[in-house]
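Trainee: Starting off with a structure, shown below.
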Amino acid sequence: MKDVVRIGCFAAFWGDTKSAIRDILDGAEVDYLVADYLSEITMALLARARAKDPDGGFIADFIATVAPVLPQIAERGIKVVTNAGALNPAAAARALRAAAEEAGVRLAIAAVEGDDILGRADQLAGAADTFTGRPLPSRLGSLNVYLGARPIAAALAAGADVVITGRCVDAAVVLGPLMHEFGWKDDEYDLLSAGSLVGHIVECGPQATGGNSTDWDVVPGWERMGYPVAECFPDGTAVITKPRGTGGLVSPATVSEQVLYEIGDPGAYLMADVVCDWREVRLEQDGEDRVRVSGARGSAPTTTYKVTATSVEGYRALTTAMFAGVGAAGKARRMAEALIARTERLIADAGFTPLTESSIEVVGAGDIRGGARDDAATEAVVKIGVKHPEKAALEIFSGEFSSFALVAQGMTGVFAGRPRVAPSIAVHHLLVNKADVPVRVVIDDGDAGTQSIDVEIAPGEPEAVTSTPQLPEEPVEASGTTVPLAEIAYARSGDKGNLANVGIIARRPEYAAVLREQVTAERVAAHFAHLSLAGVRRWAVPGLNAINIVLDEVLGGTGGTSTLRYDPQGKSYAAMLLTLPVQVPAGSLSEGVVAAVGGLA
């Protein structure tokens, strides 16, 4: 067993920079390079690509990123783990094999198979979506299980140098190597939770090293943000750092924001291998740009896998235009309303049914942030979105958009021309029994041939913990100095289907009570009243002096792949909530009490 395993994450989504891998190789000692390319939106887009080309459906960017550095990776004995296989791990493995042969490098390349269960769609007919309760559509573009880390560990144990998975739990690309290197067993739940926590922290790349930080203005080196490197130990603790010579900032504040990113219930974050309890996670500064992570706990996983499916639910078109000067916001709104009205008239004349949905948001007039509307604003961008079952109906909308430049004074900034009509892809969520999903690893060792390994998966527990108590609503009559929440807290937000997660972390321990008592569900719902959310849930995270908040049914439908919202993934919600006024004891804002980045004690 190694004393320490060092893992660097070089990509966090499809389209991420290709330069981070060189920064890690040049500025850090690593045993593994990992990359998490997949999201629900990515899977939906790749389903369309695979429909056009059976050899497509994987992340070609992965091959382009690693191919130039394969000789260096092989020489240093670094292993690579990624979910870039997406809907076609076998094709991704073949593409990497070709790149390795061209580079003169011998690698054992493993493809993890079993997550794609589209062939079983008929057996799942009528299954209910776990979020909406509606039955699964009859025609699906993709149907994929979130596999866990055990197949990755099995591939590494069989001698793989590179492991390419399809859909898996994001953090599994880190947990799998740790299970292999440290010999962690399937029932060592605290360790599996700790490894999952490390994976969760690094999976989004520079979001843990200063990216998306609340205190963005003190984070240096945006032009060369360092991607995270985790130094992991057999007891489950880890140190998060970044490559030498890179920008960014690693502090308890920047890491804590990522810990709470999109996790929902912090005491029951459900993963394929373990149910994670991160309520008592602790972060400590361990030197410059080094943060020690400890305190994760875990319990037995459920007997089911999470599954996502995609389907085409019609078409959508979105576009924007800019206005400036006197009455800009008002003109922008009137133009959008007129375009929608004209479209409705023309598609009716052409024999189409009405628009399924339309959306107008005037950025600069308060539509995004909520509150009082300001149509007198002198600078605005209008976003217009429409949906319809038939593409031809939205082509009418597309054709009419540009003509309004001759009607609305000052309409400009239409650089993309006519709006593009694209399929509106719905994402559906369901559960399947682990016992019904066989998993295998196929390893191609070049001249030595291939081997196929069936992977035994731990079955989980029927009585697994799936939720923990929410934070009770106990508002108090506060007094003192009124300040925006940003003065005493950090925040990070993101989406989960049609939900949005907002983590709020106190800058100092004494402000944790303010978050619990004043950032109530009622006040949060009122702050986001313009988004028509269905509810607000809150949990306490004592280890980070934080609370985690979930906004229900807030993203305008089934999430980022089909919503017409300008912010389809709730990325701006944390910053908007930080404008909420709170009251703190008089005198507590004296110099040194409210800290900048790194202020968690």
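By order of appearance in the structure tokens: chains A, B, ..., then residues from 1 within every chain, and ligands from 1 in the order shown.
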Using only C-alpha atoms, which protein or nucleic acid residues come within 9 Å of Phe352 (chain A)? Drop anything in the same chain fewer than 4 positions from it, and give the result as a list of chain:residue names.
Mentor: A:Leu346, A:Ile347, A:Ala348, A:Glu390, A:Ala392, A:Ala393
Trainee: Write out as a PyMOL selection string the residues lying within 7 Å of Val291 (chain A), counting only C-alpha atoms and excluding same-chain residues fewer than 6 positions away.
Mentor: chain A and resi 239-241+250-252+283-285
Trainee: With 12 Å as the cut-off and only C-alpha atoms counted, what is the closest atom pair between each nearby residue of region 445-466 of chain A and region 76-98 of chain A? Distances in Å to one decimal, ordered by chain and number, as a tab-separated table.
Mentor:
residue	atom	partner	partner_atom	distance
A:Asp445	CA	A:Arg97	CA	9.4
A:Gly446	CA	A:Arg97	CA	8.0
A:Asp447	CA	A:Arg97	CA	11.4
A:Thr450	CA	A:Ala93	CA	12.0
Trainee: Choose the residue, out of A:Ala489, A:Val326, A:Asp186, A:Leu143, that has the smallest atom-to-atom separation from Gly298 (chain A); count only C-alpha atoms.
Mentor: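 The answer is A:Asp186, which sits nearest to Gly298 (chain A).
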Trainee: To test your reading of the structure, identify every residue in region 134-377 of chain A that backbone DSSP assigns to strand (DSSP E), and report it as number ranges by chain.
Mentor: A: 142-145, 162-166, 229-232, 238-241, 269-270, 275-277, 282-285, 291-294, 297-299, 304-324, 357-363
Trainee: Counting only C-alpha atoms, what is within 6 Å of region 195-208 of chain A, bar same-chain residues fewer than 2 positions away, as a list in words?
Mentor: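 The contact residues come out as Ala12, Asp36, Ala171, Val174, Leu175, Leu192, Ser193, Gly210, Gly211, Asn212, Tyr227, Pro228, Thr254, Val255, Gln258 and Val259 of chain A.
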Trainee: Would you work out the distance separating CA of Leu533 (chain A) from CA of Asp552 (chain A), expressed in Å to one decimal?
Mentor: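 Calculated distance between CA of Leu533 (chain A) and CA of Asp552 (chain A) is 5.8 Å.
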Trainee: One number please: CA of Pro68 (chain A) to CA of Val34 (chain A), in Å, one decimal.
Mentor: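 Between these atoms lies a distance of 16.1 Å.
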Trainee: Quick one, how far is CA of Leu406 (chain A) from CA of Met322 (chain A)?
Mentor: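 Those two atoms sit 14.1 Å apart.
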Trainee: Fewer than 3 positions away in the same chain doesn't count, so skip those; otherwise give me all residues within 10 Å of Arg492 (chain A), counting only C-alpha atoms, as an MDAnalysis selection string.
Mentor: chainID A and resid 207 212:214 254 256:262 501:505 548 570:575 577:578
Trainee: Suppose we keep N, CA and C atoms; can you now write the selection as a compact mmCIF listing (two decimals), in the first residue's frame?
Mentor:
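Just written: selection31.txt:
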# COMPACT_ATOMS: atom_id res chain seq x y z
N GLN A 207 -13.07 25.05 -9.83
CA GLN A 207 -14.07 25.52 -8.87
C GLN A 207 -13.60 25.29 -7.43
N ASN A 212 -15.16 30.50 -9.54
CA ASN A 212 -16.53 30.72 -9.06
C ASN A 212 -16.56 31.14 -7.60
N SER A 213 -15.47 31.69 -7.11
CA SER A 213 -15.40 32.09 -5.71
C SER A 213 -16.25 33.33 -5.45
N THR A 214 -16.89 33.35 -4.30
CA THR A 214 -17.63 34.54 -3.88
C THR A 214 -16.70 35.76 -3.85
N THR A 254 -12.51 28.58 -0.49
CA THR A 254 -12.72 28.13 -1.87
C THR A 254 -13.10 26.65 -1.92
N SER A 256 -14.60 24.94 0.60
CA SER A 256 -15.91 24.72 1.22
C SER A 256 -17.05 25.01 0.26
N GLU A 257 -16.87 26.01 -0.60
CA GLU A 257 -17.91 26.29 -1.59
C GLU A 257 -18.13 25.09 -2.49
N GLN A 258 -17.05 24.42 -2.86
CA GLN A 258 -17.18 23.25 -3.72
C GLN A 258 -17.75 22.05 -2.98
N VAL A 259 -17.43 21.90 -1.69
CA VAL A 259 -17.98 20.78 -0.92
C VAL A 259 -19.50 20.78 -0.98
N LEU A 260 -20.11 21.95 -0.90
CA LEU A 260 -21.58 22.03 -0.86
C LEU A 260 -22.21 22.11 -2.25
N TYR A 261 -21.42 22.07 -3.28
CA TYR A 261 -21.93 22.26 -4.64
C TYR A 261 -22.82 21.09 -5.06
N GLU A 262 -24.10 21.37 -5.25
CA GLU A 262 -25.06 20.43 -5.83
C GLU A 262 -25.21 19.12 -5.06
N ASN A 501 -29.40 23.97 -6.03
CA ASN A 501 -28.75 23.84 -4.73
C ASN A 501 -27.96 25.10 -4.45
N VAL A 502 -28.14 25.68 -3.26
CA VAL A 502 -27.37 26.85 -2.85
C VAL A 502 -26.73 26.56 -1.50
N GLY A 503 -25.40 26.50 -1.48
CA GLY A 503 -24.69 26.33 -0.22
C GLY A 503 -24.25 27.68 0.31
N ILE A 504 -24.50 27.94 1.58
CA ILE A 504 -24.15 29.20 2.23
C ILE A 504 -23.23 28.89 3.40
N ILE A 505 -22.01 29.45 3.40
CA ILE A 505 -21.02 29.17 4.43
C ILE A 505 -20.67 30.44 5.18
N ASN A 548 -27.18 24.27 3.81
CA ASN A 548 -27.36 23.93 2.40
C ASN A 548 -28.84 24.02 2.07
N GLY A 570 -29.02 27.44 -12.74
CA GLY A 570 -29.01 28.04 -11.41
C GLY A 570 -27.66 28.53 -10.95
N LYS A 571 -26.76 28.85 -11.87
CA LYS A 571 -25.41 29.23 -11.48
C LYS A 571 -25.36 30.60 -10.79
N SER A 572 -26.32 31.46 -11.08
CA SER A 572 -26.29 32.81 -10.51
C SER A 572 -27.07 32.92 -9.21
N TYR A 573 -27.74 31.86 -8.79
CA TYR A 573 -28.65 31.97 -7.65
C TYR A 573 -27.91 32.27 -6.35
N ALA A 574 -26.70 31.73 -6.17
CA ALA A 574 -25.95 32.02 -4.95
C ALA A 574 -25.63 33.50 -4.84
N ALA A 575 -25.14 34.07 -5.95
CA ALA A 575 -24.81 35.49 -5.93
C ALA A 575 -26.04 36.34 -5.68
N LEU A 577 -28.71 35.39 -3.93
CA LEU A 577 -29.12 35.23 -2.53
C LEU A 577 -28.20 36.01 -1.60
N LEU A 578 -26.97 36.24 -2.01
CA LEU A 578 -26.03 36.99 -1.16
C LEU A 578 -26.41 38.47 -1.03
Trainee: Would you pick out the contacts of Gly413 (chain A) at 12 Å or less, using only C-alpha atoms, so that residues sharing its chain but fewer than 6 positions from it are not included, and give the list as a short mmCIF file (atom, residue, chain, number, x, y, z; two decimals) with C-alpha atoms, in the first residue's frame?
Mentor:
data_model
loop_
_atom_site.label_atom_id
_atom_site.label_comp_id
_atom_site.auth_asym_id
_atom_site.auth_seq_id
_atom_site.Cartn_x
_atom_site.Cartn_y
_atom_site.Cartn_z
CA THR A 319 -32.12 34.43 -28.98
CA THR A 320 -30.93 37.74 -27.55
CA ALA A 321 -30.65 41.36 -28.62
CA MET A 322 -29.04 44.37 -26.98
CA PHE A 323 -30.54 47.84 -26.44
CA ALA A 324 -28.90 50.97 -25.03
CA ALA A 380 -30.51 46.00 -21.46
CA VAL A 381 -30.27 42.63 -23.18
CA VAL A 382 -33.50 40.82 -23.94
CA LYS A 383 -33.67 37.05 -24.11
CA SER A 402 -34.35 40.07 -37.37
CA ALA A 405 -34.46 45.73 -36.02
#
Trainee: For Asp116 (chain A), list every protein, DNA or RNA residue within 8 Å, evaluated using only C-alpha atoms, and leave out those in the same chain fewer than 5 positions away; present the list as a compact mmCIF listing (two decimals) with N, CA and C atoms, in the first residue's frame.
Mentor:
# COMPACT_ATOMS: atom_id res chain seq x y z
N LEU A 87 -21.48 7.71 -24.03
CA LEU A 87 -22.40 6.71 -24.57
C LEU A 87 -21.69 5.62 -25.37
N SER A 142 -31.44 8.07 -24.92
CA SER A 142 -30.40 7.44 -24.11
C SER A 142 -31.01 7.00 -22.79
N LEU A 143 -30.35 6.03 -22.16
CA LEU A 143 -30.81 5.50 -20.87
C LEU A 143 -29.58 4.93 -20.18
N ASN A 144 -29.07 5.66 -19.19
CA ASN A 144 -27.77 5.31 -18.62
C ASN A 144 -27.79 5.28 -17.10
N VAL A 145 -27.16 4.25 -16.57
CA VAL A 145 -27.00 4.05 -15.14
C VAL A 145 -25.76 4.81 -14.65
N GLY A 166 -18.28 4.87 -19.17
CA GLY A 166 -19.41 5.63 -19.66
C GLY A 166 -19.95 6.44 -18.50
N ARG A 167 -21.28 6.46 -18.33
CA ARG A 167 -21.86 7.23 -17.23
C ARG A 167 -21.49 6.58 -15.92
Trainee: DSSP on the backbone: what in region 241-347 of chain A comes out helix (DSSP H, G or I), as a list in words?
Mentor: Pro252, Ala253, Thr254, Val255, Ser256, Glu257, Gln258, Val259, Ala328, Ala329, Gly330, Lys331, Ala332, Arg333, Arg334, Met335, Ala336, Glu337, Ala338, Leu339, Ile340, Ala341, Arg342, Thr343, Glu344, Arg345, Leu346 and Ile347 of chain A
Trainee: Have a look at A:Met335, A:Val414, A:Ala317, A:Ala464 and name the one nearest to Pro301 (chain A); count only C-alpha atoms.
Mentor: A:Ala464
Trainee: Between A:Ile109, A:Ala416, A:Ala338, A:Leu431, which one has atoms that come closest to Phe404 (chain A), using only C-alpha atoms?
Mentor: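 Closest candidate: A:Ala338.
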Trainee: I need the residue nearest Cys232 (chain A) from this list: A:Gly8, A:Gly119, A:Gly248, A:Gly410. Use only C-alpha atoms for the distance.
Mentor: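 Distance minimum relative to Cys232 (chain A) lands on A:Gly8.
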Trainee: For Leu394 (chain A), find every residue with an atom within 7 Å (counting only C-alpha atoms), except residues of its own chain fewer than 3 positions away, and show them as a list in words.
Mentor: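 The neighbour list is Ala317, His388, Lys391, Phe397, Ser398 and Val421 of chain A.
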Trainee: Which residue, A:Lys2, A:Arg134, A:Arg345, A:Lys387, has the smallest gap to Leu178 (chain A) when you use only C-alpha atoms?
Mentor: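 Once distances to Leu178 (chain A) are computed over only C-alpha atoms, the minimum belongs to A:Lys2.
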